[in-house]
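Asker: Enclosed is the structure file my_file-v2.cif (mmCIF, C-alpha atoms and all ligand atoms).
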data_query
#
loop_
_atom_site.label_atom_id
_atom_site.label_comp_id
_atom_site.auth_asym_id
_atom_site.auth_seq_id
_atom_site.Cartn_x
_atom_site.Cartn_y
_atom_site.Cartn_z
CA MET A 61 -28.99 -24.31 -17.35
CA GLU A 62 -28.37 -21.36 -15.06
CA MET A 63 -28.11 -17.67 -15.90
CA THR A 64 -26.25 -14.83 -14.25
CA LEU A 65 -26.08 -11.08 -14.73
CA VAL A 66 -22.66 -9.53 -15.26
CA ILE A 67 -22.10 -5.79 -15.32
CA ILE A 68 -18.79 -4.27 -16.28
CA LYS A 69 -19.03 -1.19 -14.08
CA PRO A 70 -18.06 2.35 -15.20
CA ASP A 71 -14.53 2.03 -13.78
CA GLY A 72 -14.03 -1.12 -15.86
CA LEU A 73 -15.01 0.75 -19.03
CA LYS A 74 -13.01 3.86 -18.13
CA LYS A 75 -9.90 1.77 -17.43
CA SER A 76 -10.33 0.00 -20.79
CA LEU A 77 -10.70 -3.39 -19.14
CA THR A 78 -13.65 -4.66 -21.21
CA GLY A 79 -11.69 -6.96 -23.51
CA ASN A 80 -9.60 -8.25 -20.67
CA ILE A 81 -12.64 -9.03 -18.50
CA LEU A 82 -14.49 -10.76 -21.35
CA THR A 83 -11.41 -12.89 -22.03
CA ARG A 84 -11.25 -13.89 -18.36
CA LEU A 85 -14.97 -14.75 -18.38
CA SER A 86 -14.59 -16.83 -21.53
CA GLU A 87 -12.50 -19.27 -19.44
CA THR A 88 -15.81 -20.39 -17.93
CA LYS A 89 -17.00 -21.62 -21.37
CA LEU A 90 -20.40 -20.16 -20.54
CA GLU A 91 -22.52 -18.67 -23.30
CA ILE A 92 -23.34 -14.98 -23.64
CA VAL A 93 -27.11 -14.81 -24.24
CA GLY A 94 -27.61 -11.06 -23.77
CA ALA A 95 -25.40 -7.95 -23.95
CA LYS A 96 -25.87 -4.21 -24.13
CA VAL A 97 -24.33 -0.89 -23.15
CA VAL A 98 -26.57 0.92 -20.67
CA ARG A 99 -26.73 4.45 -19.33
CA VAL A 100 -27.85 3.76 -15.77
CA SER A 101 -30.64 5.91 -14.35
CA LYS A 102 -30.94 6.68 -10.65
CA GLU A 103 -34.05 4.48 -10.53
CA LEU A 104 -32.27 1.49 -12.09
CA ALA A 105 -29.24 1.95 -9.82
CA SER A 106 -31.36 2.22 -6.67
CA GLU A 107 -33.47 -0.79 -7.62
CA HIS A 108 -30.43 -2.89 -8.51
CA TYR A 109 -28.81 -2.17 -5.13
CA ARG A 110 -32.04 -1.96 -3.11
CA ALA A 111 -30.79 -4.51 -0.53
CA LEU A 112 -28.08 -2.00 0.43
CA LYS A 113 -30.29 1.08 0.72
CA ASP A 114 -29.63 1.51 4.45
CA LYS A 115 -25.85 1.31 4.14
CA PRO A 116 -23.85 4.51 4.71
CA PHE A 117 -22.20 4.14 1.30
CA PHE A 118 -25.48 3.70 -0.62
CA ALA A 119 -25.63 7.21 -2.14
CA ASP A 120 -22.04 6.95 -3.36
CA LEU A 121 -22.64 3.42 -4.64
CA VAL A 122 -25.57 4.71 -6.74
CA LYS A 123 -23.39 7.52 -8.11
CA TYR A 124 -20.61 5.03 -8.84
CA ILE A 125 -22.79 2.62 -10.85
CA MET A 126 -24.38 5.60 -12.67
CA GLY A 127 -20.87 6.58 -13.76
CA GLU A 128 -20.61 9.92 -11.98
CA TYR A 129 -16.96 9.18 -11.20
CA HIS A 130 -15.88 7.55 -14.48
CA THR A 131 -18.04 7.34 -17.58
CA LYS A 132 -21.83 7.25 -17.78
CA ARG A 133 -22.25 3.75 -19.11
CA VAL A 134 -21.95 0.15 -18.11
CA PHE A 135 -21.77 -3.05 -20.16
CA ALA A 136 -24.46 -5.49 -19.04
CA LEU A 137 -24.30 -9.16 -20.05
CA VAL A 138 -26.16 -12.36 -19.31
CA TYR A 139 -24.10 -15.55 -19.17
CA ALA A 140 -25.77 -18.96 -19.30
CA GLY A 141 -24.64 -22.49 -18.60
CA LYS A 142 -23.99 -25.02 -15.89
CA ASP A 143 -23.12 -23.41 -12.52
CA ALA A 144 -22.94 -20.01 -14.23
CA ILE A 145 -23.36 -18.04 -11.00
CA LYS A 146 -20.56 -19.78 -9.11
CA LYS A 147 -18.17 -19.89 -12.05
CA VAL A 148 -18.48 -16.16 -12.71
CA ARG A 149 -18.29 -15.17 -9.02
CA GLU A 150 -15.08 -17.17 -8.67
CA ILE A 151 -13.35 -15.31 -11.46
CA CYS A 152 -14.66 -11.97 -10.10
CA GLY A 153 -13.26 -12.51 -6.61
CA ALA A 154 -14.42 -11.19 -3.24
CA THR A 155 -16.50 -8.01 -2.90
CA ASN A 156 -13.69 -6.14 -1.13
CA PRO A 157 -10.91 -5.76 -3.72
CA GLU A 158 -8.28 -5.75 -0.98
CA GLU A 159 -9.47 -9.15 0.19
CA ALA A 160 -10.08 -10.58 -3.27
CA ASP A 161 -7.66 -13.16 -4.65
CA SER A 162 -4.99 -11.15 -6.44
CA VAL A 163 -5.50 -12.94 -9.76
CA SER A 164 -9.28 -12.45 -9.67
CA ILE A 165 -10.77 -9.54 -11.66
CA ARG A 166 -11.56 -7.53 -8.53
CA GLY A 167 -8.26 -8.42 -6.88
CA ALA A 168 -6.29 -7.35 -9.93
CA TYR A 169 -8.18 -4.18 -10.87
CA GLY A 170 -10.37 -3.02 -7.96
CA ARG A 171 -9.67 -0.29 -5.45
CA ILE A 172 -11.29 1.27 -2.39
CA THR A 173 -11.98 4.98 -2.67
CA THR A 174 -11.29 7.45 0.14
CA LYS A 175 -15.09 7.61 0.59
CA GLY A 176 -15.04 3.88 1.26
CA VAL A 177 -16.76 2.63 -1.89
CA TYR A 178 -15.37 -0.57 -3.33
CA GLU A 179 -14.72 0.25 -6.97
CA ASN A 180 -14.47 -3.38 -7.92
CA VAL A 181 -14.91 -3.17 -11.70
CA ILE A 182 -17.52 -5.88 -12.13
CA HIS A 183 -20.88 -7.01 -10.81
CA ALA A 184 -21.99 -10.64 -10.85
CA SER A 185 -25.22 -12.08 -9.43
CA ALA A 186 -24.69 -13.80 -6.07
CA ASN A 187 -27.40 -16.50 -6.18
CA THR A 188 -30.30 -17.76 -8.31
CA GLU A 189 -32.81 -15.44 -6.67
CA ASP A 190 -30.65 -12.34 -7.25
CA ALA A 191 -29.86 -13.50 -10.78
CA GLU A 192 -33.53 -13.78 -11.76
CA ARG A 193 -34.42 -10.44 -10.19
CA GLU A 194 -31.43 -8.68 -11.76
CA ILE A 195 -31.78 -10.20 -15.23
CA LYS A 196 -35.47 -9.22 -15.30
CA LEU A 197 -34.56 -5.73 -14.11
CA TRP A 198 -31.87 -5.09 -16.74
CA PHE A 199 -33.17 -7.04 -19.75
CA SER A 200 -36.49 -7.53 -21.48
CA PRO A 201 -37.41 -11.03 -22.75
CA GLU A 202 -36.63 -10.11 -26.40
CA GLU A 203 -33.10 -9.13 -25.46
CA ILE A 204 -32.21 -12.60 -24.20
CA VAL A 205 -31.32 -15.15 -26.86
CA ALA A 206 -32.34 -18.17 -24.78
CA GLU A 207 -35.29 -19.71 -23.01
CA ALA A 208 -34.91 -17.61 -19.89
CA TYR A 209 -37.96 -17.09 -17.69
CA PRO A 210 -41.65 -17.37 -18.62
CA ALA A 211 -42.80 -14.35 -20.62
CA VAL A 212 -46.12 -13.14 -21.97
CA GLU A 213 -47.14 -11.09 -24.99
CA ALA A 214 -47.52 -7.47 -24.00
CA GLU A 215 -49.09 -4.73 -26.06
CA GLU A 216 -47.58 -1.46 -25.02
CA LYS A 217 -48.11 2.05 -26.29
CA VAL A 218 -44.57 3.35 -26.01
CA ARG A 219 -43.00 6.20 -27.90
CA ARG A 220 -39.80 4.97 -29.49
CA GLN A 221 -37.18 6.67 -31.61
CA LYS A 222 -36.40 5.44 -35.11
CA TRP A 223 -33.63 6.42 -37.49
CA ALA A 224 -34.55 9.65 -39.24
N1 LIG B 1 -19.90 -2.20 -1.62
C1 LIG B 1 -19.12 -1.23 -1.00
N2 LIG B 1 -18.80 -1.37 0.32
C2 LIG B 1 -19.20 -2.44 1.05
C3 LIG B 1 -19.99 -3.43 0.42
C4 LIG B 1 -20.32 -3.27 -0.90
O1 LIG B 1 -18.74 -0.25 -1.64
O2 LIG B 1 -18.86 -2.52 2.25
C5 LIG B 1 -20.27 -2.03 -3.04
C6 LIG B 1 -19.36 -2.83 -3.98
O3 LIG B 1 -19.18 -2.09 -5.18
C7 LIG B 1 -20.19 -4.08 -4.21
C8 LIG B 1 -21.61 -3.51 -4.22
O4 LIG B 1 -21.59 -2.48 -3.23
O5 LIG B 1 -19.83 -4.73 -5.40
C9 LIG B 1 -22.70 -4.52 -3.91
O6 LIG B 1 -22.43 -5.11 -2.66
P1 LIG B 1 -22.68 -6.65 -2.40
O7 LIG B 1 -22.58 -6.87 -0.94
O8 LIG B 1 -23.93 -7.09 -3.10
O9 LIG B 1 -21.39 -7.33 -3.06
P2 LIG B 1 -21.21 -8.12 -4.45
O10 LIG B 1 -22.42 -8.99 -4.63
O11 LIG B 1 -21.08 -7.08 -5.53
O12 LIG B 1 -19.96 -8.91 -4.28
MG MG B 2 -24.48 -8.57 -4.49
#
What is this structure when it is put down as structure tokens?
Answerer:
Amino acid sequence: MEMTLVIIKPDGLKKSLTGNILTRLSETKLEIVGAKVVRVSKELASEHYRALKDKPFFADLVKYIMGEYHTKRVFALVYAGKDAIKKVREICGATNPEEADSVSIRGAYGRITTKGVYENVIHASANTEDAEREIKLWFSPEEIVAEAYPAVEAEEKVRRQKWA
């Protein structure tokens, strides 16, 4: 059993592609074991893309995933099953939407901005190491409905909101 993180990026939400993308991903027959809408902070964005922090497009990439150009939310999901990482990456297509297979999600819906950022609609973990790091970054153990990674009981004093 393998897990992978999928993020429908702000352009995907803004362009009303959510249903379409989920339908495409359902072709994999993988299971959704976590899902939530997230407002991405600068910290989360920078940590998620930390491997790219020296790239010239990094600042714009952070703004893009935070939704500065579209809508300030993303839809984060965890898919689980055999070869989950490869199956999802295949349907997503290449990073550069102009090079991506035209029937892939990125090939069909992505674009390159005049600033040079690939607005490619969807994120998918590239390998098992990235998947584990990314899933742990975006989701807490209680939010995953599967045996994911080892977890421990944690007693935290956090201030939460409840319904008034
Ligand atoms: N990206 C970009 N220009 C590049 C490379 C990457 O704008 O030359 C953006 C693009 O949105 C991509 C993200 O940065 O999805 C993360 O890049 P990575 O190389 O990890 O590609 P991915 O794993 O998303 O295919
Ligand atoms: Mg990547």
Asker: Counting only C-alpha atoms and all ligand atoms, what are the residues of chain A within 8 Å of ligand LIG 1 (chain B), and for each of them which pair of atoms is the nearest and at what distance in Å, to one decimal? Sort the table by chain and rising number, as JSON lines.
Answerer:
{"residue": "A:Tyr109", "atom": "CA", "partner": "B:LIG1", "partner_atom": "C9", "distance": 6.7}
{"residue": "A:Ala111", "atom": "CA", "partner": "B:LIG1", "partner_atom": "O8", "distance": 7.8}
{"residue": "A:Leu112", "atom": "CA", "partner": "B:LIG1", "partner_atom": "O6", "distance": 7.2}
{"residue": "A:Phe117", "atom": "CA", "partner": "B:LIG1", "partner_atom": "O1", "distance": 6.3}
{"residue": "A:Phe118", "atom": "CA", "partner": "B:LIG1", "partner_atom": "O4", "distance": 7.8}
{"residue": "A:Leu121", "atom": "CA", "partner": "B:LIG1", "partner_atom": "O1", "distance": 6.1}
{"residue": "A:Gly153", "atom": "CA", "partner": "B:LIG1", "partner_atom": "O12", "distance": 8.0}
{"residue": "A:Ala154", "atom": "CA", "partner": "B:LIG1", "partner_atom": "O12", "distance": 6.1}
{"residue": "A:Thr155", "atom": "CA", "partner": "B:LIG1", "partner_atom": "O12", "distance": 3.8}
{"residue": "A:Asn156", "atom": "CA", "partner": "B:LIG1", "partner_atom": "C2", "distance": 7.0}
{"residue": "A:Ile172", "atom": "CA", "partner": "B:LIG1", "partner_atom": "O1", "distance": 7.6}
{"residue": "A:Gly176", "atom": "CA", "partner": "B:LIG1", "partner_atom": "O1", "distance": 6.3}
{"residue": "A:Val177", "atom": "CA", "partner": "B:LIG1", "partner_atom": "O1", "distance": 3.5}
{"residue": "A:Tyr178", "atom": "CA", "partner": "B:LIG1", "partner_atom": "O1", "distance": 3.8}
{"residue": "A:Glu179", "atom": "CA", "partner": "B:LIG1", "partner_atom": "O3", "distance": 5.3}
{"residue": "A:Asn180", "atom": "CA", "partner": "B:LIG1", "partner_atom": "O3", "distance": 5.6}
{"residue": "A:Val181", "atom": "CA", "partner": "B:LIG1", "partner_atom": "O3", "distance": 7.9}
{"residue": "A:Ile182", "atom": "CA", "partner": "B:LIG1", "partner_atom": "O5", "distance": 7.2}
{"residue": "A:His183", "atom": "CA", "partner": "B:LIG1", "partner_atom": "O11", "distance": 5.3}
{"residue": "A:Ala184", "atom": "CA", "partner": "B:LIG1", "partner_atom": "O10", "distance": 6.4}
{"residue": "A:Ser185", "atom": "CA", "partner": "B:LIG1", "partner_atom": "O10", "distance": 6.4}
{"residue": "A:Ala186", "atom": "CA", "partner": "B:LIG1", "partner_atom": "O10", "distance": 5.5}
Asker: Just want the 12 Å neighbourhood of Met63 (chain A), counted on all atoms listed in the file, with same-chain residues fewer than 6 positions away dropped. Output as a PyMOL selection string.
Answerer: chain A and resi 90-94+137-148+184-196+204-209
Asker: In Å, how far is it from CA of Asp71 (chain A) to CA of His130 (chain A)?
Answerer: 5.7 Å
Asker: Between CA of Ile125 (chain A) and CA of Glu203 (chain A), what is the distance, to one decimal in Å?
Answerer: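 So the answer is 21.4 Å.
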Asker: Starting from 5 Å padding per side, set up an axis-aligned box that covers all listed atoms of region 78-89 of chain A and hand over centre and edge lengths in Å, one decimal, as JSON.
Answerer:
{"center_x": -13.3, "center_y": -13.1, "center_z": -20.7, "size_x": 17.4, "size_y": 27.0, "size_z": 15.6}
Asker: Name the closest residue to Leu104 (chain A) among the candidates A:Tyr169, A:Ala224, A:Leu82, A:Trp198; distances are taken between atoms, counting only C-alpha atoms.
Answerer: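 Among the listed residues, the smallest separation from Leu104 (chain A) belongs to A:Trp198.
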Asker: Skipping near chain neighbours, those fewer than 3 positions away, what residues fall within 6 Å of Lys132 (chain A) using all atoms listed in the file, listed as a ChimeraX atom specification?
Answerer: /A:99,126-127
Asker: With distances taken over all atoms listed in the file, which residue among A:Arg149, A:Lys75, A:Phe135, A:Ala214 lies nearest ligand MG 2 (chain B)?
Answerer: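 Going through A:Arg149, A:Lys75, A:Phe135, A:Ala214 one by one, the smallest distance to ligand MG 2 (chain B) is for A:Arg149.
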Asker: Using all atoms listed in the file, can you tell me which of A:Val66, A:Ile165, A:Val218, A:Leu73 comes closest to ligand MG 2 (chain B)?
Answerer: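 Ranked by minimum distance to ligand MG 2 (chain B), first place goes to A:Val66.
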Asker: So that I can check the surroundings of Val212 (chain A), please list as a list in words every protein, DNA and RNA residue that reaches within 12 Å of it, counting only C-alpha atoms and ignoring chain neighbours fewer than 3 positions away.
Answerer: Ser200, Pro201, Glu202, Tyr209 and Glu215 of chain A
Asker: Mind giving me the straight-line distance from CA of Ser76 (chain A) to CA of Arg166 (chain A) in Å, one decimal?
Answerer: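 Going from CA of Ser76 (chain A) over to CA of Arg166 (chain A), I get 14.4 Å.
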Asker: Compare A:Val100, A:His108, A:Ile68, A:Thr88 by their minimum atom-to-atom distance to ligand MG 2 (chain B), counting all atoms listed in the file, and give me the closest one.
Answerer: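 For ligand MG 2 (chain B), the nearest of the given residues is A:His108.
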Asker: Using only C-alpha atoms and all ligand atoms, find the one residue out of A:Glu216, A:Lys102, A:Val97, A:Arg110 that sits nearest to ligand MG 2 (chain B).
Answerer: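 The shortest atom-to-atom distance to ligand MG 2 (chain B) comes from A:Arg110.
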